[in-house]
Amino acid sequence: MTTLVRARDVRRDYPLEREAVHALRGVSLEIEKGEYLAIVGPSGCGKSSLLNLLGAIDAPTSGTVEIEGRNVGTLGDREVTNFRLRHIGFVFQRFYLLPILTARENVELPMAEAGVSAAERRQRSTELLRYVDLGERARHRPAQLSGGEQQRVAIARALANRPSLLLADEPTGELDAKTGQEIISLFGRLNADGTTVVVVTHDESLARAARRIVHMRDGEIVREEVPGG
Amino acid sequence: MRLVLALASLRRNRARTILAVLGVAIAAAMLLDMVMLSTGMRESFRALLLSRGFQMRLTPRGTLPFDTEASIAGATDVTQKLRARPEIDLVSPVLGASVHVLRGDSSITAFALGVDPSSQGDYRLAAGHDATAPNTIIANEDFLRAAGARVGDTLRVAAGFDPQLRTHSGERALVVSGRARFLYLAAGQLAVAIPLRTLQQMTAREDRVSLFMVRLRDPSRIDDVRKWMRIALPTIDVISTADAMARVDERLGYFRQLSAILGAVSLVVGFLLVTTLVTVSVNERVGEIVVMRAIGVSRAHVVQQIVLEGTALSITGAVLGTGLGLVTARYLNTILSSFPGLPAAIDFFLFQPRAAWTAIGLLTACGVLAGLYPAWRAASLPLAGTLREEAVA
């Protein structure tokens with residue numbers, strides 16, 4: 001398999017008034033293309049900080065993060081933004097859809113930013129909304145959708161520019177158990193279709209759906225396991 | 001997409017957007033009115049001076065037209081000298097005087113212009129025919145109303161009154177041959193025009209005039225003509241339209257300062273309104289903006305979208321304000337134009353497309369500037385830290 005993400009001895013400190021918080025203390029991790037990885041651990045262990053670094057929305061205090069062979073920590077704002085746009089899809093716990101746009105427009109937003117033509121945007125957003133079983137809700141605004149539906153629209157948005165890496169931060173955190181299961185199934189389907197998926201979660205069932213689980217504590221990776229292995 | 005997002009953001013809180021647009025519209029109306037006020041009276045006065053094509057006024061030395069009883073002697077000779085110059089197209093001699101229209105024991109006093117009807121530039125005939133015969137008179141509507149006269153009536157008109165003897169002098173019977181609108185006289189002022197020779201005889205000011213109005217064939221020769229006049233007519237002052245405008249500018253300095261200050265205040269109010277609204281709106285959706293950045297929307301595009309919101313607010317308010325400004329300008333103009341002694345044709349608020357474009361342009365520029373700071377601030381938020389704070393919130 002090919003390595004998609006390589007993090008080497010990554011540290012992330014958040015300076016506070018008196019002393020710095022060491023969110024990550026020398027984390028090294030490799031993620032292969034097509035992998036389905038879950039990062040688990042107690043609150044404050046550094047899961048989200050690691051995910052932010054893997055998604056190039058934050059830069060390490062030291063160490064390197066390479067995605068598709070590029071050291072994203074050295075990229076300027078314009079370059080790293082463009083890199084995120086074309087290579088990384090994000091799913092957040094609180095969905096963060098734009099309430100003023102319809103489901104279709106939300107999905108089309110990253111495509112518009114990437115300069116995809118209107119006709120292609122429409123075709124691809126239709127396909128993506130069908131993929132997440134929301135083909136009939138394209139014209140609905142987020143306020144007219146349930147939590148699970150909103151999260152599926154957010155997943156469709158994350159897939160808009162066919163990213164090589166899909167990152168999800170507690171994607172079932174705001175959902176009930178049944179709806180959470182639907183999202184877990186969707187991630188499984190996405191991974192089966194070739195998307196590399198990394199989820200940060202407290203949800204045991206979501207973590208168990210992954211092919212590899214990374215356990216973190218106090219800013220370090222303490223254990224890895226293969227579910228059922 | 002950015003415009004769609006900007007407009008959708010403004011629609012999100014309609015009441016607030018409408019109130020802000022109204023605020024900007026009021027600021028725009030005030031700004032437009034101030035721009036109109038700063039240039040309107042000047043342009044209106046210039047248009048009035050040039051309305052009949054006379055570029056020069058010749059007055060007795062040291063005086064302005066009709067501001068004293070002073071007059072120019074040897075009017076016939078001066079007229080001939082002027083008409084002999086090839087650069088001069090038309091010469092209109094004018095004598096100003098007060099006349100009394102006698103009605104039994106009472107009389108009505110009016111301002112009379114002695115003119116040569118073939119070259120006059122003081123009035124426009126509205127009815128009847130010009131005062132070409134020696135015993136005719138042209139009057140304005142206000143005079144006819146006050147005298148209870150109509151075109152065709154004969155009036156007893158005197159040029160002088162001795163209050164001790166209570167007798168009139170220079171009395172003539174004049175036939176009202178026409179009704180006219182006098183260009184340079186104040187609204188409500190009773191005015192008549194009488195053939196120059198007749199008025200000179202009535203006032204015992206033989207061969208004297210108060211003023212010459214001169215029209216040039218080629219206005220660019222004005223300096224040459226003025227130079228000649230200074231030598232050939234040493235007892236006469238030459239006032240060109242440019243001179244008159246310079247004097248008007250001096251006297252209107254107060255209006256321009258006032259309008260500049262009030263215009264600047266309206267701009268600042270508009271700027272603060274848009275800045276406040278955009279800042280509040282941006283603060284409410286920090287999470288959305290950070291997520292947009294996280295999914296790959298560039299900082300420049302976020303800034304553009306937010307600036308577009310401010311610009312859309314400003315343009316909408318400015319366009320509405322233009323209409324509002326025109327309505328208020330018309331109302332204010334009627335109040336200020338009734339100021340005593342001003343020519344009825346003078347407008348304080350003269351609409352010029354340039355004034356409207358200036359007001360709209362200034363407010364739009366303000367809208368862009370007003371959106372820039374909150375936009376840049378929002379687009380520069382640290383993504384990871386803000387997402388964490390939003391998640392906690």
# chains A, B, ... in the order shown; residues from 1 in each chain; ligands from 1

$ interface_residues --of "chain B" --to "chain A" --cutoff "12 Å" --atoms "only C-alpha atoms" --output "ChimeraX atom specification"
/B:1-2,4-13,285-302,379-388,390-393

$ write_last_selection --atoms "C-alpha atoms" --output "short mmCIF file (atom, residue, chain, number, x, y, z; two decimals), in the first residue's frame"
data_model
loop_
_atom_site.label_atom_id
_atom_site.label_comp_id
_atom_site.auth_asym_id
_atom_site.auth_seq_id
_atom_site.Cartn_x
_atom_site.Cartn_y
_atom_site.Cartn_z
CA MET B 1 -21.35 32.26 -5.51
CA ARG B 2 -19.79 34.99 -3.33
CA VAL B 4 -25.17 34.82 -3.61
CA LEU B 5 -23.60 34.21 -0.20
CA ALA B 6 -23.34 37.93 0.54
CA LEU B 7 -26.96 38.62 -0.37
CA ALA B 8 -28.14 35.53 1.49
CA SER B 9 -26.26 36.70 4.58
CA LEU B 10 -28.02 40.06 4.39
CA ARG B 11 -31.39 38.36 3.99
CA ARG B 12 -30.74 36.24 7.04
CA ASN B 13 -31.65 39.08 9.39
CA ARG B 285 -21.07 33.63 12.20
CA VAL B 286 -17.45 33.23 13.16
CA GLY B 287 -17.97 29.45 13.20
CA GLU B 288 -19.30 29.40 9.66
CA ILE B 289 -16.50 31.60 8.40
CA VAL B 290 -13.82 29.44 10.03
CA VAL B 291 -15.39 26.30 8.61
CA MET B 292 -15.44 27.89 5.16
CA ARG B 293 -11.74 28.56 5.55
CA ALA B 294 -11.17 25.01 6.83
CA ILE B 295 -12.84 23.41 3.82
CA GLY B 296 -10.65 25.44 1.50
CA VAL B 297 -12.30 28.81 0.86
CA SER B 298 -9.46 31.27 0.46
CA ARG B 299 -8.93 34.22 2.77
CA ALA B 300 -9.34 36.60 -0.18
CA HIS B 301 -12.71 35.10 -1.07
CA VAL B 302 -13.96 35.35 2.52
CA ALA B 379 -10.65 35.79 7.49
CA SER B 380 -7.51 35.87 9.63
CA LEU B 381 -8.91 33.96 12.62
CA PRO B 382 -6.78 30.97 13.65
CA LEU B 383 -8.70 27.97 12.35
CA ALA B 384 -7.91 25.28 14.90
CA GLY B 385 -8.25 27.57 17.93
CA THR B 386 -11.49 29.11 16.74
CA LEU B 387 -13.00 25.73 15.89
CA ARG B 388 -12.12 24.54 19.39
CA GLU B 390 -16.80 27.23 18.78
CA ALA B 391 -17.09 23.57 19.76
CA VAL B 392 -16.84 24.51 23.44
CA ALA B 393 -19.39 27.31 22.97
#

$ atom_distance --atom1 "CA of Ile306 (chain B)" --atom2 "CA of Val278 (chain B)"
7.4 Å

$ residues_around --residues "Val65 (chain A)" --least-positions-apart "2" --cutoff "6 Å" --atoms "only C-alpha atoms" --output "MDAnalysis selection string"
chainID A and resid 6:7 71

$ atom_distance --atom1 "CA of Val214 (chain A)" --atom2 "CA of Val197 (chain A)"
13.2 Å

$ select_by_dssp --residues "chain A" --states "strand (DSSP E or B)" --output "PyMOL selection string"
chain A and resi 3-15+20-32+36-40+62-67+70-71+88-91+165-169+196-200+212-217+220-225

$ closest_residue --among "A:Gly63, A:Gly69, A:Gly147, A:Pro42" --to "Val5 (chain A)" --atoms "only C-alpha atoms"
A:Gly69

$ residues_around --residues "Ile31 (chain A)" --least-positions-apart "6" --cutoff "10 Å" --atoms "only C-alpha atoms" --output "VMD selection string"
chain A and resid 1 to 7 37 67 165 196 to 198 212

$ residues_around --residues "Ser220 (chain B)" --least-positions-apart "5" --cutoff "12 Å" --atoms "only C-alpha atoms" --output "count of residues only"
7

$ select_by_dssp --residues "region 209-366 of chain B" --states "helix (DSSP H, G or I)" --output "VMD selection string"
chain B and resid 219 to 232 241 to 251 253 to 284 286 to 294 299 to 337 353 to 366

$ residues_around --residues "Thr109 (chain B)" --least-positions-apart "5" --cutoff "12 Å" --atoms "only C-alpha atoms" --output "list of chain:residue names"
B:Ala97, B:Ser98, B:Val99, B:His100, B:Val101, B:Leu102, B:Arg103, B:Asp142, B:Phe143, B:Ala146, B:Ala147, B:Arg156, B:Val157, B:Ala158, B:Ala159, B:Gly160, B:Phe161, B:His168, B:Gln189, B:Leu190, B:Ala191, B:Val192

$ write_last_selection --atoms "N, CA and C atoms" --output "mmCIF file, in the first residue's frame"
data_model
loop_
_atom_site.group_PDB
_atom_site.id
_atom_site.type_symbol
_atom_site.label_atom_id
_atom_site.label_comp_id
_atom_site.auth_asym_id
_atom_site.auth_seq_id
_atom_site.Cartn_x
_atom_site.Cartn_y
_atom_site.Cartn_z
ATOM 1 N N ALA B 97 -34.758 101.901 -12.614
ATOM 2 C CA ALA B 97 -35.391 103.004 -11.870
ATOM 3 C C ALA B 97 -36.651 102.488 -11.180
ATOM 4 N N SER B 98 -37.113 103.240 -10.198
ATOM 5 C CA SER B 98 -38.407 102.905 -9.594
ATOM 6 C C SER B 98 -39.491 103.716 -10.289
ATOM 7 N N VAL B 99 -40.610 103.088 -10.541
ATOM 8 C CA VAL B 99 -41.743 103.822 -11.141
ATOM 9 C C VAL B 99 -42.978 103.614 -10.270
ATOM 10 N N HIS B 100 -43.939 104.545 -10.409
ATOM 11 C CA HIS B 100 -45.165 104.484 -9.609
ATOM 12 C C HIS B 100 -46.356 104.435 -10.561
ATOM 13 N N VAL B 101 -47.157 103.440 -10.388
ATOM 14 C CA VAL B 101 -48.362 103.327 -11.209
ATOM 15 C C VAL B 101 -49.497 103.972 -10.417
ATOM 16 N N LEU B 102 -50.082 105.001 -10.994
ATOM 17 C CA LEU B 102 -51.063 105.815 -10.255
ATOM 18 C C LEU B 102 -52.450 105.217 -10.430
ATOM 19 N N ARG B 103 -53.104 105.047 -9.247
ATOM 20 C CA ARG B 103 -54.473 104.512 -9.279
ATOM 21 C C ARG B 103 -55.307 105.386 -8.349
ATOM 22 N N ASP B 142 -46.806 89.377 -11.288
ATOM 23 C CA ASP B 142 -47.038 89.961 -9.958
ATOM 24 C C ASP B 142 -47.496 91.414 -10.069
ATOM 25 N N PHE B 143 -46.875 92.145 -10.992
ATOM 26 C CA PHE B 143 -47.262 93.550 -11.164
ATOM 27 C C PHE B 143 -48.715 93.644 -11.665
ATOM 28 N N ALA B 146 -51.063 92.980 -8.919
ATOM 29 C CA ALA B 146 -51.126 94.060 -7.927
ATOM 30 C C ALA B 146 -51.849 95.282 -8.481
ATOM 31 N N ALA B 147 -51.644 95.543 -9.785
ATOM 32 C CA ALA B 147 -52.250 96.734 -10.381
ATOM 33 C C ALA B 147 -53.671 96.454 -10.890
ATOM 34 N N ARG B 156 -51.289 104.894 -15.903
ATOM 35 C CA ARG B 156 -50.587 106.175 -15.671
ATOM 36 C C ARG B 156 -49.360 105.850 -14.812
ATOM 37 N N VAL B 157 -48.204 106.086 -15.418
ATOM 38 C CA VAL B 157 -46.953 105.700 -14.743
ATOM 39 C C VAL B 157 -46.096 106.947 -14.536
ATOM 40 N N ALA B 158 -45.617 107.132 -13.298
ATOM 41 C CA ALA B 158 -44.739 108.262 -13.002
ATOM 42 C C ALA B 158 -43.381 107.732 -12.566
ATOM 43 N N ALA B 159 -42.336 108.541 -12.783
ATOM 44 C CA ALA B 159 -40.989 108.083 -12.440
ATOM 45 C C ALA B 159 -40.505 108.674 -11.125
ATOM 46 N N GLY B 160 -41.092 109.779 -10.690
ATOM 47 C CA GLY B 160 -40.617 110.399 -9.460
ATOM 48 C C GLY B 160 -41.765 110.807 -8.561
ATOM 49 N N PHE B 161 -41.465 110.987 -7.247
ATOM 50 C CA PHE B 161 -42.507 111.377 -6.288
ATOM 51 C C PHE B 161 -41.878 112.324 -5.273
ATOM 52 N N HIS B 168 -46.300 113.708 -8.343
ATOM 53 C CA HIS B 168 -45.483 112.796 -9.141
ATOM 54 C C HIS B 168 -44.866 113.556 -10.296
ATOM 55 N N GLN B 189 -41.244 90.168 -6.802
ATOM 56 C CA GLN B 189 -40.920 91.584 -7.053
ATOM 57 C C GLN B 189 -41.768 92.113 -8.214
ATOM 58 N N LEU B 190 -42.338 93.327 -8.025
ATOM 59 C CA LEU B 190 -43.143 93.927 -9.085
ATOM 60 C C LEU B 190 -42.188 94.545 -10.092
ATOM 61 N N ALA B 191 -42.300 94.159 -11.335
ATOM 62 C CA ALA B 191 -41.321 94.610 -12.322
ATOM 63 C C ALA B 191 -41.993 94.947 -13.639
ATOM 64 N N VAL B 192 -41.428 95.991 -14.288
ATOM 65 C CA VAL B 192 -41.907 96.365 -15.626
ATOM 66 C C VAL B 192 -40.687 96.680 -16.487
#

$ atom_distance --atom1 "CA of Leu22 (chain B)" --atom2 "CA of Phe271 (chain B)"
13.4 Å

$ residues_around --residues "region 17-27 of chain A" --least-positions-apart "2" --cutoff "7 Å" --atoms "only C-alpha atoms" --output "list in words"
Arg8, Asp9, Val10, Arg11, Arg12, Asp13, Tyr14, Pro15, Leu29, Gly46, Ser49, Gly219, Glu220 and Ile221 of chain A

$ write_last_selection --atoms "C-alpha atoms" --output "CSV table (one decimal), in the first residue's frame"
chain,number,residue,atom,x,y,z
A,8,ARG,CA,6.9,12.4,12.4
A,9,ASP,CA,7.6,13.4,16.0
A,10,VAL,CA,4.9,16.0,15.9
A,11,ARG,CA,4.6,18.3,18.9
A,12,ARG,CA,1.9,20.9,19.4
A,13,ASP,CA,2.1,23.4,22.2
A,14,TYR,CA,-0.5,26.0,23.0
A,15,PRO,CA,1.1,28.9,24.8
A,29,LEU,CA,1.9,8.1,12.6
A,46,GLY,CA,-4.8,15.5,21.8
A,49,SER,CA,-5.2,18.5,17.8
A,219,GLY,CA,-0.7,13.8,23.9
A,220,GLU,CA,0.9,10.5,22.9
A,221,ILE,CA,-0.1,7.4,21.0
